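Chemist: File follows, start.txt with compact mmCIF, C-alpha atoms and all ligand atoms:
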# COMPACT_ATOMS: atom_id res chain seq x y z
CA MET B 1 14.65 -1.34 -12.96
CA THR B 2 17.44 -0.19 -10.68
CA ILE B 3 17.23 -1.26 -7.08
CA GLU B 4 19.79 -0.11 -4.57
CA ILE B 5 21.33 -2.94 -2.58
CA GLN B 6 22.34 -1.89 0.92
CA ALA B 7 24.66 -4.06 3.04
CA VAL B 8 23.50 -4.24 6.66
CA GLY B 9 25.49 -6.57 8.90
CA SER B 10 25.76 -9.84 7.01
CA LEU B 11 22.50 -9.23 5.15
CA GLN B 12 21.53 -7.16 2.13
CA VAL B 13 18.46 -4.92 2.00
CA MET B 14 16.74 -3.90 -1.24
CA PRO B 15 14.15 -1.19 -0.56
CA LEU B 16 11.00 -1.16 -2.73
CA LEU B 17 9.92 2.48 -2.84
CA HIS B 18 6.33 3.20 -3.82
CA PRO B 19 5.48 6.74 -4.95
CA GLN B 20 2.56 6.79 -2.50
CA GLY B 21 5.11 6.54 0.32
CA CYS B 22 4.79 2.82 1.08
CA ARG B 23 8.06 1.06 1.81
CA GLY B 24 8.68 -2.64 1.20
CA TYR B 25 11.94 -4.51 1.60
CA LEU B 26 13.63 -7.54 0.16
CA VAL B 27 16.07 -8.82 2.80
CA VAL B 28 18.68 -11.23 1.50
CA ASP B 29 21.32 -13.47 2.99
CA PRO B 30 23.93 -13.32 0.19
CA ALA B 31 25.67 -16.50 1.36
CA SER B 32 22.64 -18.77 1.06
CA LYS B 33 20.64 -16.55 -1.34
CA GLU B 34 17.64 -17.00 0.94
CA ALA B 35 15.33 -13.98 1.06
CA LEU B 36 12.51 -12.40 3.05
CA LEU B 37 10.01 -10.00 1.48
CA LEU B 38 8.45 -7.49 3.86
CA ASP B 39 5.42 -5.26 3.25
CA ALA B 40 5.57 -5.25 -0.55
CA HIS B 41 2.84 -3.14 -2.19
CA LEU B 42 0.70 -4.97 -4.75
CA ASP B 43 2.14 -2.61 -7.39
CA HIS B 44 5.54 -4.16 -6.62
CA ALA B 45 4.49 -7.79 -7.09
CA THR B 46 5.94 -8.02 -10.60
CA GLU B 47 9.08 -6.10 -9.66
CA ALA B 48 9.66 -8.32 -6.62
CA ALA B 49 9.25 -11.49 -8.69
CA MET B 50 11.75 -10.14 -11.25
CA LEU B 51 14.25 -9.27 -8.52
CA LEU B 52 14.00 -12.75 -7.09
CA GLU B 53 14.59 -14.26 -10.50
CA SER B 54 17.40 -11.95 -11.64
CA HIS B 55 19.32 -12.37 -8.36
CA GLU B 56 18.52 -16.13 -8.26
CA LEU B 57 17.06 -15.80 -4.77
CA ASP B 58 15.17 -18.40 -2.79
CA LEU B 59 12.18 -16.62 -1.23
CA LYS B 60 11.66 -18.18 2.20
CA TRP B 61 9.36 -15.71 3.93
CA ILE B 62 6.67 -13.23 2.83
CA VAL B 63 5.82 -10.98 5.75
CA ASP B 64 3.20 -8.33 6.44
CA SER B 65 4.32 -6.30 9.46
CA HIS B 66 0.64 -5.69 10.24
CA THR B 67 -2.82 -5.51 8.72
CA HIS B 68 -2.48 -2.85 6.05
CA ALA B 69 -5.52 -0.60 5.74
CA ASP B 70 -4.14 1.95 3.32
CA HIS B 71 -2.73 -0.06 0.43
CA PRO B 72 -3.03 -3.54 -1.08
CA SER B 73 -0.31 -6.00 -0.08
CA ALA B 74 1.49 -8.17 -2.63
CA SER B 75 1.69 -11.03 -0.13
CA ALA B 76 -1.30 -13.04 -1.33
CA VAL B 77 -0.27 -12.73 -4.98
CA LEU B 78 3.31 -13.82 -4.27
CA ALA B 79 2.44 -16.41 -1.62
CA GLY B 80 2.87 -19.40 -3.85
CA HIS B 81 6.26 -18.27 -5.07
CA ALA B 82 8.75 -21.11 -4.72
CA GLY B 83 7.04 -22.44 -1.62
CA ALA B 84 7.61 -19.31 0.46
CA THR B 85 5.93 -19.19 3.86
CA ARG B 86 3.52 -16.33 4.38
CA VAL B 87 3.87 -14.70 7.81
CA ALA B 88 1.70 -12.38 9.90
CA HIS B 89 1.45 -11.94 13.66
CA ALA B 90 -0.56 -14.36 15.79
CA ARG B 91 -3.11 -11.62 16.46
CA SER B 92 -3.75 -11.03 12.77
CA LYS B 93 -6.77 -12.48 11.03
CA HIS B 94 -5.24 -12.92 7.59
CA VAL B 95 -6.63 -15.72 5.47
CA GLY B 96 -3.85 -17.66 3.74
CA VAL B 97 -1.11 -16.98 6.26
CA THR B 98 0.73 -20.19 7.18
CA TYR B 99 2.98 -19.01 10.01
CA MET B 100 1.68 -16.75 12.77
CA PRO B 101 4.45 -16.13 15.31
CA ASP B 102 4.05 -14.12 18.49
CA ASP B 103 7.08 -12.42 20.03
CA THR B 104 10.82 -13.13 19.60
CA ALA B 105 10.31 -15.74 16.87
CA PRO B 106 13.27 -16.15 14.48
CA LEU B 107 12.84 -16.17 10.71
CA PRO B 108 16.06 -17.89 9.53
CA LEU B 109 17.81 -16.86 6.33
CA GLY B 110 20.67 -19.30 5.78
CA ASP B 111 22.88 -18.97 8.87
CA GLN B 112 21.43 -15.51 9.57
CA LYS B 113 18.05 -14.60 10.99
CA VAL B 114 15.50 -11.85 11.27
CA THR B 115 13.61 -11.78 14.56
CA VAL B 116 9.92 -10.97 14.97
CA ARG B 117 9.07 -8.61 17.82
CA HIS B 118 5.44 -7.96 18.69
CA ALA B 119 5.03 -4.17 18.71
CA PRO B 120 1.31 -3.36 18.91
CA GLY B 121 -0.11 0.14 18.83
CA HIS B 122 -0.72 1.07 15.22
CA THR B 123 -2.66 -2.20 15.06
CA PRO B 124 -2.91 -5.07 17.58
CA ASP B 125 -1.08 -7.42 15.19
CA HIS B 126 1.81 -5.11 14.45
CA MET B 127 5.33 -6.49 14.53
CA VAL B 128 8.78 -5.07 14.09
CA LEU B 129 11.53 -7.14 12.49
CA VAL B 130 15.03 -6.96 13.91
CA SER B 131 18.19 -8.11 12.17
CA ASP B 132 21.86 -7.65 12.94
CA GLY B 133 22.28 -3.92 12.31
CA ALA B 134 18.73 -2.99 11.28
CA VAL B 135 15.22 -2.62 12.60
CA PHE B 136 12.28 -2.75 10.19
CA THR B 137 9.85 -0.63 12.13
CA GLY B 138 6.74 -1.04 9.95
CA ASP B 139 4.16 1.46 11.15
CA SER B 140 5.54 2.16 14.60
CA LEU B 141 8.53 4.50 14.34
CA LEU B 142 8.69 6.48 11.11
CA ILE B 143 11.48 8.85 10.11
CA GLY B 144 10.79 11.96 12.17
CA GLY B 145 7.36 10.63 13.09
CA VAL B 146 5.28 7.79 14.41
CA ALA B 147 2.29 5.94 13.02
CA ARG B 148 -1.30 6.81 13.78
CA ALA B 149 -3.16 4.59 16.22
CA ASP B 150 -6.78 5.52 15.74
CA PHE B 151 -8.27 2.74 13.57
CA ILE B 152 -8.63 -1.05 13.26
CA GLY B 153 -7.84 -1.67 16.90
CA GLY B 154 -4.98 0.81 17.27
CA ASP B 155 -3.97 1.95 20.75
CA ALA B 156 -1.75 4.98 21.33
CA GLY B 157 -0.62 3.74 24.75
CA GLU B 158 0.46 0.41 23.30
CA LEU B 159 2.33 2.30 20.59
CA PHE B 160 4.21 4.27 23.25
CA ASP B 161 5.15 1.01 25.00
CA SER B 162 6.27 -0.62 21.73
CA LEU B 163 8.38 2.40 20.78
CA HIS B 164 10.15 2.55 24.12
CA ASP B 165 10.34 -1.14 25.03
CA VAL B 166 11.01 -2.68 21.61
CA VAL B 167 12.17 -0.14 19.03
CA LEU B 168 14.33 2.08 21.24
CA ALA B 169 15.83 -1.03 22.84
CA GLN B 170 17.82 -1.40 19.61
CA PRO B 171 21.32 0.12 19.50
CA ASP B 172 21.77 3.70 18.31
CA GLU B 173 23.63 2.58 15.18
CA ALA B 174 20.81 0.24 14.06
CA ILE B 175 19.42 1.36 10.71
CA VAL B 176 15.70 2.20 10.77
CA TYR B 177 13.71 1.02 7.74
CA PRO B 178 10.14 2.34 8.16
CA GLY B 179 6.92 1.09 6.58
CA HIS B 180 6.20 4.51 5.07
CA ASP B 181 7.94 7.71 4.24
CA TYR B 182 6.12 10.51 2.49
CA LYS B 183 9.18 12.66 1.84
CA GLY B 184 11.25 10.22 -0.21
CA ARG B 185 13.61 9.21 2.58
CA VAL B 186 14.68 5.58 2.77
CA HIS B 187 16.31 5.04 6.15
CA SER B 188 17.46 6.62 9.38
CA THR B 189 19.09 5.26 12.54
CA ILE B 190 17.82 4.70 16.05
CA GLY B 191 20.35 7.30 17.28
CA GLU B 192 19.14 9.92 14.81
CA GLU B 193 15.54 9.30 15.73
CA ARG B 194 16.29 9.39 19.43
CA LYS B 195 17.95 12.78 18.87
CA ASP B 196 15.58 14.42 16.40
CA ASN B 197 12.16 12.75 16.53
CA ALA B 198 9.77 14.99 18.46
CA TRP B 199 7.46 12.09 19.30
CA LEU B 200 10.29 10.24 21.04
CA LYS B 201 11.04 13.25 23.19
CA ILE B 202 7.64 12.82 24.85
CA THR B 203 8.58 10.55 27.72
CA ASP B 204 5.27 10.71 29.58
CA ARG B 205 2.90 8.01 28.34
CA ASP B 206 -0.30 9.94 29.06
CA GLN B 207 1.04 13.03 27.30
CA PHE B 208 2.01 10.91 24.28
CA VAL B 209 -1.48 9.38 24.16
CA SER B 210 -3.25 12.72 24.41
CA SER B 211 -1.00 14.26 21.75
CA LEU B 212 -1.43 11.37 19.33
CA THR B 213 -5.19 11.19 19.79
CA ALA B 214 -5.77 14.95 19.71
CA THR B 215 -6.79 14.79 16.07
CA LYS B 216 -8.35 12.04 14.00
CA PRO B 217 -7.24 12.12 10.36
CA PRO B 218 -9.66 10.74 7.76
CA GLU B 219 -9.61 6.99 7.25
CA PRO B 220 -7.66 5.76 4.22
CA ALA B 221 -9.58 5.73 0.95
CA ASN B 222 -11.13 2.35 0.18
CA MET B 223 -10.28 0.97 3.60
CA ALA B 224 -13.11 -1.59 3.58
CA ALA B 225 -12.11 -2.91 0.15
CA LEU B 226 -8.44 -3.01 1.11
CA LEU B 227 -9.20 -5.00 4.27
CA ARG B 228 -11.25 -7.48 2.23
CA PHE B 229 -8.24 -7.90 -0.04
CA ASN B 230 -5.48 -7.93 2.60
CA VAL B 231 -7.24 -9.82 5.39
CA ASP B 232 -9.99 -11.91 3.81
CA GLY B 233 -7.90 -12.76 0.76
CA GLN B 234 -10.58 -11.68 -1.68
CA PRO B 235 -8.76 -10.81 -4.90
CA VAL B 236 -9.43 -7.57 -6.72
CA PRO B 237 -11.82 -8.78 -9.44
CA GLN B 238 -10.88 -8.31 -13.08
CA PHE B 239 -14.36 -6.92 -13.68
CA ILE B 240 -16.71 -5.10 -11.34
CA SER B 241 -20.41 -4.68 -11.99
CA ALA B 242 -22.18 -1.34 -12.23
CA GLN B 243 -24.05 -2.23 -9.03
CA GLU B 244 -20.83 -2.91 -7.10
CA THR B 245 -19.34 0.29 -8.47
CA MET B 246 -22.32 2.20 -7.08
CA GLU B 247 -21.50 0.75 -3.64
CA VAL B 248 -17.88 1.89 -3.96
CA VAL B 249 -19.03 5.38 -4.85
CA ALA B 250 -21.57 5.41 -2.01
CA ASN B 251 -19.06 4.12 0.59
CA GLY B 252 -15.93 5.99 -0.20
CA GLY B 253 -16.31 8.43 -3.02
CA ALA B 254 -15.16 7.96 -6.57
CA GLY B 255 -11.51 8.84 -6.11
CA THR B 256 -10.29 5.55 -7.52
CA ILE B 257 -12.51 5.49 -10.56
CA ILE B 258 -10.37 6.33 -13.57
CA ASP B 259 -12.41 7.55 -16.52
CA VAL B 260 -10.46 6.95 -19.73
CA ARG B 261 -12.93 8.52 -22.19
CA THR B 262 -12.20 11.54 -24.32
CA LEU B 263 -12.67 15.09 -23.12
CA GLU B 264 -15.66 15.40 -25.44
CA GLU B 265 -17.34 12.38 -23.88
CA LEU B 266 -16.64 13.74 -20.44
CA GLN B 267 -18.86 16.72 -21.31
CA GLY B 268 -21.73 14.24 -21.13
CA ALA B 269 -22.45 12.08 -18.09
CA HIS B 270 -19.61 11.44 -15.70
CA ILE B 271 -19.19 10.23 -12.15
CA ALA B 272 -18.42 13.01 -9.72
CA GLY B 273 -14.88 12.79 -8.39
CA ALA B 274 -13.59 10.29 -10.94
CA ARG B 275 -10.07 10.85 -12.23
CA HIS B 276 -9.91 11.61 -15.93
CA ILE B 277 -6.98 10.18 -17.88
CA VAL B 278 -7.64 9.84 -21.61
CA MET B 279 -6.92 6.35 -22.89
CA ASP B 280 -4.27 7.63 -25.30
CA ASP B 281 -2.33 9.16 -22.41
CA ILE B 282 -2.56 6.21 -20.04
CA LEU B 283 0.97 4.86 -20.44
CA GLU B 284 2.49 8.32 -20.30
CA ARG B 285 0.55 8.93 -17.08
CA ALA B 286 1.04 5.47 -15.54
CA ASP B 287 2.85 6.98 -12.54
CA GLU B 288 -0.20 9.12 -11.90
CA VAL B 289 -2.29 5.93 -11.78
CA ARG B 290 0.22 4.47 -9.31
CA MET B 291 -0.45 7.45 -7.04
CA THR B 292 -4.17 6.70 -6.88
CA PRO B 293 -5.46 4.55 -4.04
CA ALA B 294 -6.14 0.95 -5.07
CA PRO B 295 -8.36 -0.80 -6.05
CA ARG B 296 -8.54 1.25 -9.25
CA LEU B 297 -11.74 0.97 -11.24
CA ILE B 298 -11.40 1.77 -14.94
CA LEU B 299 -14.38 3.37 -16.67
CA CYS B 300 -15.20 4.06 -20.31
CA ARG B 301 -18.49 4.24 -22.20
CA LEU B 302 -19.21 0.52 -22.61
CA GLY B 303 -16.20 -1.31 -21.16
CA GLN B 304 -14.04 -2.17 -24.16
CA ARG B 305 -11.54 0.65 -23.86
CA ALA B 306 -11.40 0.12 -20.09
CA ALA B 307 -10.42 -3.52 -20.67
CA MET B 308 -7.57 -2.44 -22.96
CA VAL B 309 -6.41 0.16 -20.46
CA ALA B 310 -6.57 -2.40 -17.63
CA SER B 311 -4.37 -4.74 -19.63
CA ALA B 312 -1.85 -1.98 -20.41
CA LEU B 313 -1.67 -0.86 -16.77
CA THR B 314 -1.24 -4.43 -15.54
CA GLN B 315 1.70 -4.81 -17.93
CA GLN B 316 3.20 -1.73 -16.29
CA GLY B 317 3.18 -3.64 -12.99
CA ILE B 318 0.25 -1.69 -11.56
CA GLY B 319 -1.98 -3.91 -9.42
CA GLY B 320 -5.52 -3.74 -8.12
CA ILE B 321 -7.16 -2.89 -11.44
CA SER B 322 -10.82 -3.67 -12.24
CA VAL B 323 -12.87 -2.87 -15.34
CA ILE B 324 -16.34 -1.43 -14.72
CA GLU B 325 -18.56 -3.74 -16.76
CA GLY B 326 -20.73 -2.00 -19.30
CA GLY B 327 -19.07 1.36 -18.62
CA ILE B 328 -20.92 4.51 -17.70
CA VAL B 329 -23.93 3.45 -19.77
CA ALA B 330 -24.53 0.40 -17.55
CA TYR B 331 -23.71 2.46 -14.47
CA ALA B 332 -26.33 5.06 -15.32
CA GLN B 333 -28.90 2.40 -16.30
CA ALA B 334 -28.38 0.69 -12.92
CA GLY B 335 -29.30 3.95 -11.22
CA GLY B 336 -25.81 5.23 -10.48
CA ALA B 337 -25.62 8.97 -9.98
CA THR B 338 -23.92 10.88 -12.75
CA GLU B 339 -23.36 14.53 -13.49
CA GLY B 340 -23.53 16.14 -16.91
CA GLY B 341 -25.63 14.82 -19.76
CA ASP B 342 -26.84 11.59 -21.29
CA PRO B 343 -24.23 8.80 -21.01
CA GLY B 344 -25.52 7.08 -24.14
CA ALA B 345 -25.16 10.23 -26.22
CA ALA B 346 -21.85 11.15 -24.73
CA LEU B 347 -19.76 10.31 -27.78
CA GLU B 348 -21.62 12.93 -29.77
CA GLY B 349 -20.77 15.68 -27.29
CA GLY B 350 -19.39 18.88 -28.74
CA GLY B 351 -15.65 19.35 -28.65
CA CYS B 352 -15.50 22.42 -26.50
CA CYS B 353 -13.19 23.55 -23.89
CA ALA B 354 -13.09 21.49 -20.72
CA ALA B 355 -9.87 22.04 -18.86
CA GLU B 356 -7.75 19.14 -17.74
CA PRO B 357 -8.16 18.45 -14.04
CA PRO B 358 -5.16 19.32 -11.87
CA PRO B 359 -2.53 16.57 -11.45
CA SER B 360 -3.82 14.01 -8.97
CA CYS B 361 -0.42 13.60 -7.36
CA ALA B 362 -0.59 17.09 -5.89
CA ALA B 363 -2.70 15.72 -3.04
CA GLU B 364 -1.62 16.02 0.56
CA PRO B 365 0.35 13.02 1.85
CA PRO B 366 -1.82 10.26 3.27
CA PRO B 367 -2.47 10.54 6.97
CA GLU B 368 -0.83 7.26 7.89
FE FE R 401 -0.29 0.68 8.37
Would you mind writing the structure in this file as structure tokens?
Modeler:
Amino acid sequence: MTIEIQAVGSLQVMPLLHPQGCRGYLVVDPASKEALLLDAHLDHATEAAMLLESHELDLKWIVDSHTHADHPSASAVLAGHAGATRVAHARSKHVGVTYMPDDTAPLPLGDQKVTVRHAPGHTPDHMVLVSDGAVFTGDSLLIGGVARADFIGGDAGELFDSLHDVVLAQPDEAIVYPGHDYKGRVHSTIGEERKDNAWLKITDRDQFVSSLTATKPPEPANMAALLRFNVDGQPVPQFISAQETMEVVANGGAGTIIDVRTLEELQGAHIAGARHIVMDDILERADEVRMTPAPRLILCRLGQRAAMVASALTQQGIGGISVIEGGIVAYAQAGGATEGGDPGAALEGGGCCAAEPPPSCAAEPPPE
């Protein structure tokens, strides 16, 4: 793994870039080797642990800038690492967080520090982290954009206030590290954003609010499950029952079910909307799995192949994987809706000519 190390003031920043557009950061004081991990995606848990080990870093702080509703956080998984303190804002409801600062609280790294600023709007518990030379804007200011403010307690007016009172109070040369970027960019500066960001040119609060709330994008896939994981601390189970899978399908569609059976089997019963990645191709298409919203539920006929696939994907550092117990046979027996033929007879399906589905990563960027 190659991670770029960027020097910012006296600190170093190692960006963790997720193909879904999530941005996490390892912030290091090179003198003391103390480190802070911000907004790491669950898929980066292994990578972050390896970085800490290979650079011989002492992880002091694990921070979520806010309650994430669109992806699973690595914070709970990494929380026990070397006695690091898990941090979220005082208005968050995270189980397992041991330090809940409000505004202007310092997070020391050796003789340096990163300062918490409360910056609500995207969520009530949102905070921005400020260091000498950088501002980690989370989901407030994005490069050329701003975050949405229409779910889990978001408030567009508060976002306007946070942008103008907290974020834009930083000097023009401060480097902006956002919580997301869907175009592959890593950083910007306050000066560049002040000059080019159309949202920052709206100086009237009411106009900003009406513009930001004019449309309501769809909620993130699996939001309820992600909040259970990120806030309530419920781990993604290794196995999920057919009954629970039916609830996932009923509540949010089957976009995160990954069917690893053969094309011939798929001619029989299948779950509408499930992704199809043949078991033999799973490692080759691991990046495609990374692009799917987590939790990812792996499906085969009876569960054995799904368990092997789950193990292989976990070894690739992909998190949030569950095996659907008993496969599509149990799912159909439990009353789950399927399309196609008989799930039990699926292996005997004729080998005719189903086309591969289009690549899943061609989807529009997430709304957040
Ligand atoms: Fe967010």
Chemist: Taking all atoms listed in the file into account, produce a table as a Markdown table in which each residue of chain B with an atom at most 9 Å from an atom of ligand FE 401 (chain R) appears once, together with its shortest atom pair and the distance in Å to one decimal, ordered by chain and rising number.
Modeler:
| residue | atom | partner | partner_atom | distance |
| --- | --- | --- | --- | --- |
| B:Ser65 | CA | R:FE401 | FE | 8.4 |
| B:His66 | CA | R:FE401 | FE | 6.7 |
| B:Thr67 | CA | R:FE401 | FE | 6.7 |
| B:His68 | CA | R:FE401 | FE | 4.8 |
| B:Ala69 | CA | R:FE401 | FE | 6.0 |
| B:Asp70 | CA | R:FE401 | FE | 6.5 |
| B:His71 | CA | R:FE401 | FE | 8.3 |
| B:His122 | CA | R:FE401 | FE | 6.9 |
| B:Thr123 | CA | R:FE401 | FE | 7.7 |
| B:His126 | CA | R:FE401 | FE | 8.7 |
| B:Gly138 | CA | R:FE401 | FE | 7.4 |
| B:Asp139 | CA | R:FE401 | FE | 5.3 |
| B:Ser140 | CA | R:FE401 | FE | 8.7 |
| B:Ala147 | CA | R:FE401 | FE | 7.5 |
| B:Arg148 | CA | R:FE401 | FE | 8.2 |
| B:Gly179 | CA | R:FE401 | FE | 7.4 |
| B:His180 | CA | R:FE401 | FE | 8.2 |
| B:Glu368 | CA | R:FE401 | FE | 6.6 |
Chemist: Those same residues - C-alpha atoms - I'd like them written as a short mmCIF file (atom, residue, chain, number, x, y, z; two decimals), in the coordinates of the input.
Modeler:
data_model
loop_
_atom_site.label_atom_id
_atom_site.label_comp_id
_atom_site.auth_asym_id
_atom_site.auth_seq_id
_atom_site.Cartn_x
_atom_site.Cartn_y
_atom_site.Cartn_z
CA SER B 65 4.32 -6.30 9.46
CA HIS B 66 0.64 -5.69 10.24
CA THR B 67 -2.82 -5.51 8.72
CA HIS B 68 -2.48 -2.85 6.05
CA ALA B 69 -5.52 -0.60 5.74
CA ASP B 70 -4.14 1.95 3.32
CA HIS B 71 -2.73 -0.06 0.43
CA HIS B 122 -0.72 1.07 15.22
CA THR B 123 -2.66 -2.20 15.06
CA HIS B 126 1.81 -5.11 14.45
CA GLY B 138 6.74 -1.04 9.95
CA ASP B 139 4.16 1.46 11.15
CA SER B 140 5.54 2.16 14.60
CA ALA B 147 2.29 5.94 13.02
CA ARG B 148 -1.30 6.81 13.78
CA GLY B 179 6.92 1.09 6.58
CA HIS B 180 6.20 4.51 5.07
CA GLU B 368 -0.83 7.26 7.89
#
Chemist: Can you pull out the residues contacting B:Leu57? Cut-off 10 Å, using only C-alpha atoms, and skip same-chain residues under 5 positions away; I want them as a PyMOL selection string.
Modeler: chain B and resi 28-30+32-36+49+51-52+82
Chemist: Using all atoms listed in the file, tabulate the residues of stretch 269-309 of chain B lying at most 9 Å from any atom of stretch 235-252 of chain B, each with its closest atom pair and that distance in Å to one decimal, by chain and increasing residue number, as JSON lines.
Modeler:
{"residue": "B:Ile271", "atom": "CA", "partner": "B:Val249", "partner_atom": "CA", "distance": 8.8}
{"residue": "B:Pro295", "atom": "CA", "partner": "B:Val236", "partner_atom": "CA", "distance": 6.9}
{"residue": "B:Leu297", "atom": "CA", "partner": "B:Ile240", "partner_atom": "CA", "distance": 7.8}
{"residue": "B:Ala307", "atom": "CA", "partner": "B:Phe239", "partner_atom": "CA", "distance": 8.7}
Chemist: Please dump the current selection as a PDB file, in the frame of the given file; keep C-alpha atoms.
Modeler:
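Once everything was written out, this is result_9.pdb:
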ATOM      1  CA  ILE B 271     -19.190  10.230 -12.150  1.00  0.00           C
ATOM      2  CA  PRO B 295      -8.360  -0.800  -6.050  1.00  0.00           C
ATOM      3  CA  LEU B 297     -11.740   0.970 -11.240  1.00  0.00           C
ATOM      4  CA  ALA B 307     -10.420  -3.520 -20.670  1.00  0.00           C
TER       5      ALA B 307
END
Chemist: Could you state the separation of atom CA of B:Gly326 and atom CA of B:Gly340 in Å, given to one decimal place?
Modeler: 18.5 Å
Chemist: Figure out the distance between atom CA of B:His55 and atom CA of B:Ile5, please, to one decimal in Å.
Modeler: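 The value is 11.2 Å.
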Chemist: Between atom CA of B:Met308 and atom CA of B:Arg296, what distance in Å does the model show, to one decimal?
Modeler: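 Computing it gives 14.2 Å between the two atoms.
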Chemist: Quick one: of B:Ala48, B:Met279, B:Val289, B:Leu142, who's nearest to B:Lys183, counting all atoms listed in the file?
Modeler: B:Leu142
Chemist: Smallest atom-to-atom distance to B:Asp181: which of B:His270, B:His18, B:Lys216, B:Arg261, using only C-alpha atoms?
Modeler: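 Smallest distance to B:Asp181 is found for B:His18.
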Chemist: Taking only C-alpha atoms into account, name the residue in B:Gly319, B:Gly154, B:Pro293, B:Pro178 that is nearest to B:Asp125.
Modeler: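 When distances to B:Asp125 are compared using only C-alpha atoms, the smallest one comes from B:Gly154.
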Chemist: For each of B:Val167, B:Leu200, B:Val186, B:Val329, take the minimum atom-to-atom distance to B:Leu17, counting all atoms listed in the file, then give the residue where this is smallest.
Modeler: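 The shortest atom-to-atom distance to B:Leu17 comes from B:Val186.
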Chemist: Applying 9 Å and all atoms listed in the file, which residues near B:Leu283 remain after dropping the ones on its own chain fewer than 4 positions away? List them as a list in words.
Modeler: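 Within the cut-off, the hits are Met279, Asp287, Val309, Ala312, Leu313 and Gln316 of chain B.
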Chemist: For the point (-20.1, 16.5, -20.1) in file coordinates, what residues are within 8 Å, counting only C-alpha atoms? Give the answer as a VMD selection string?
Modeler: chain B and resid 264 to 270 339 to 341 346 349
Chemist: Residues at most 8 Å from B:Gly157, counting all atoms listed in the file, excluding those fewer than 4 positions away in the same chain, as a ChimeraX atom specification?
Modeler: /B:121,161,205-206,208-209
Chemist: For stretch 194-206 of chain B, which lacks atoms in the input, supply N, CA and C atoms and format the output as a PDB file, keeping the file's coordinate frame.
Modeler:
ATOM      1  N   ARG B 194      16.294   9.066  17.998  1.00  0.00           N
ATOM      2  CA  ARG B 194      16.290   9.390  19.430  1.00  0.00           C
ATOM      3  C   ARG B 194      16.622  10.881  19.624  1.00  0.00           C
ATOM      4  N   LYS B 195      17.505  11.381  18.744  1.00  0.00           N
ATOM      5  CA  LYS B 195      17.950  12.780  18.870  1.00  0.00           C
ATOM      6  C   LYS B 195      16.938  13.762  18.296  1.00  0.00           C
ATOM      7  N   ASP B 196      16.340  13.413  17.159  1.00  0.00           N
ATOM      8  CA  ASP B 196      15.580  14.420  16.400  1.00  0.00           C
ATOM      9  C   ASP B 196      14.062  14.221  16.379  1.00  0.00           C
ATOM     10  N   ASN B 197      13.584  13.030  16.711  1.00  0.00           N
ATOM     11  CA  ASN B 197      12.160  12.750  16.530  1.00  0.00           C
ATOM     12  C   ASN B 197      11.351  13.321  17.705  1.00  0.00           C
ATOM     13  N   ALA B 198      10.504  14.295  17.397  1.00  0.00           N
ATOM     14  CA  ALA B 198       9.770  14.990  18.460  1.00  0.00           C
ATOM     15  C   ALA B 198       8.868  14.045  19.252  1.00  0.00           C
ATOM     16  N   TRP B 199       8.339  13.024  18.594  1.00  0.00           N
ATOM     17  CA  TRP B 199       7.460  12.090  19.300  1.00  0.00           C
ATOM     18  C   TRP B 199       8.221  11.299  20.363  1.00  0.00           C
ATOM     19  N   LEU B 200       9.503  11.029  20.082  1.00  0.00           N
ATOM     20  CA  LEU B 200      10.290  10.240  21.040  1.00  0.00           C
ATOM     21  C   LEU B 200      10.756  11.078  22.226  1.00  0.00           C
ATOM     22  N   LYS B 201      10.656  12.382  22.069  1.00  0.00           N
ATOM     23  CA  LYS B 201      11.040  13.250  23.190  1.00  0.00           C
ATOM     24  C   LYS B 201       9.929  13.322  24.241  1.00  0.00           C
ATOM     25  N   ILE B 202       8.739  12.853  23.866  1.00  0.00           N
ATOM     26  CA  ILE B 202       7.640  12.820  24.850  1.00  0.00           C
ATOM     27  C   ILE B 202       7.833  11.555  25.679  1.00  0.00           C
ATOM     28  N   THR B 203       8.269  11.726  26.900  1.00  0.00           N
ATOM     29  CA  THR B 203       8.580  10.550  27.720  1.00  0.00           C
ATOM     30  C   THR B 203       7.440  10.179  28.667  1.00  0.00           C
ATOM     31  N   ASP B 204       6.423  11.018  28.723  1.00  0.00           N
ATOM     32  CA  ASP B 204       5.270  10.710  29.580  1.00  0.00           C
ATOM     33  C   ASP B 204       4.207  10.023  28.727  1.00  0.00           C
ATOM     34  N   ARG B 205       3.837   8.818  29.130  1.00  0.00           N
ATOM     35  CA  ARG B 205       2.900   8.010  28.340  1.00  0.00           C
ATOM     36  C   ARG B 205       1.569   8.714  28.110  1.00  0.00           C
ATOM     37  N   ASP B 206       1.013   9.295  29.182  1.00  0.00           N
ATOM     38  CA  ASP B 206      -0.300   9.940  29.060  1.00  0.00           C
ATOM     39  C   ASP B 206      -0.230  11.146  28.102  1.00  0.00           C
TER      40      ASP B 206
END
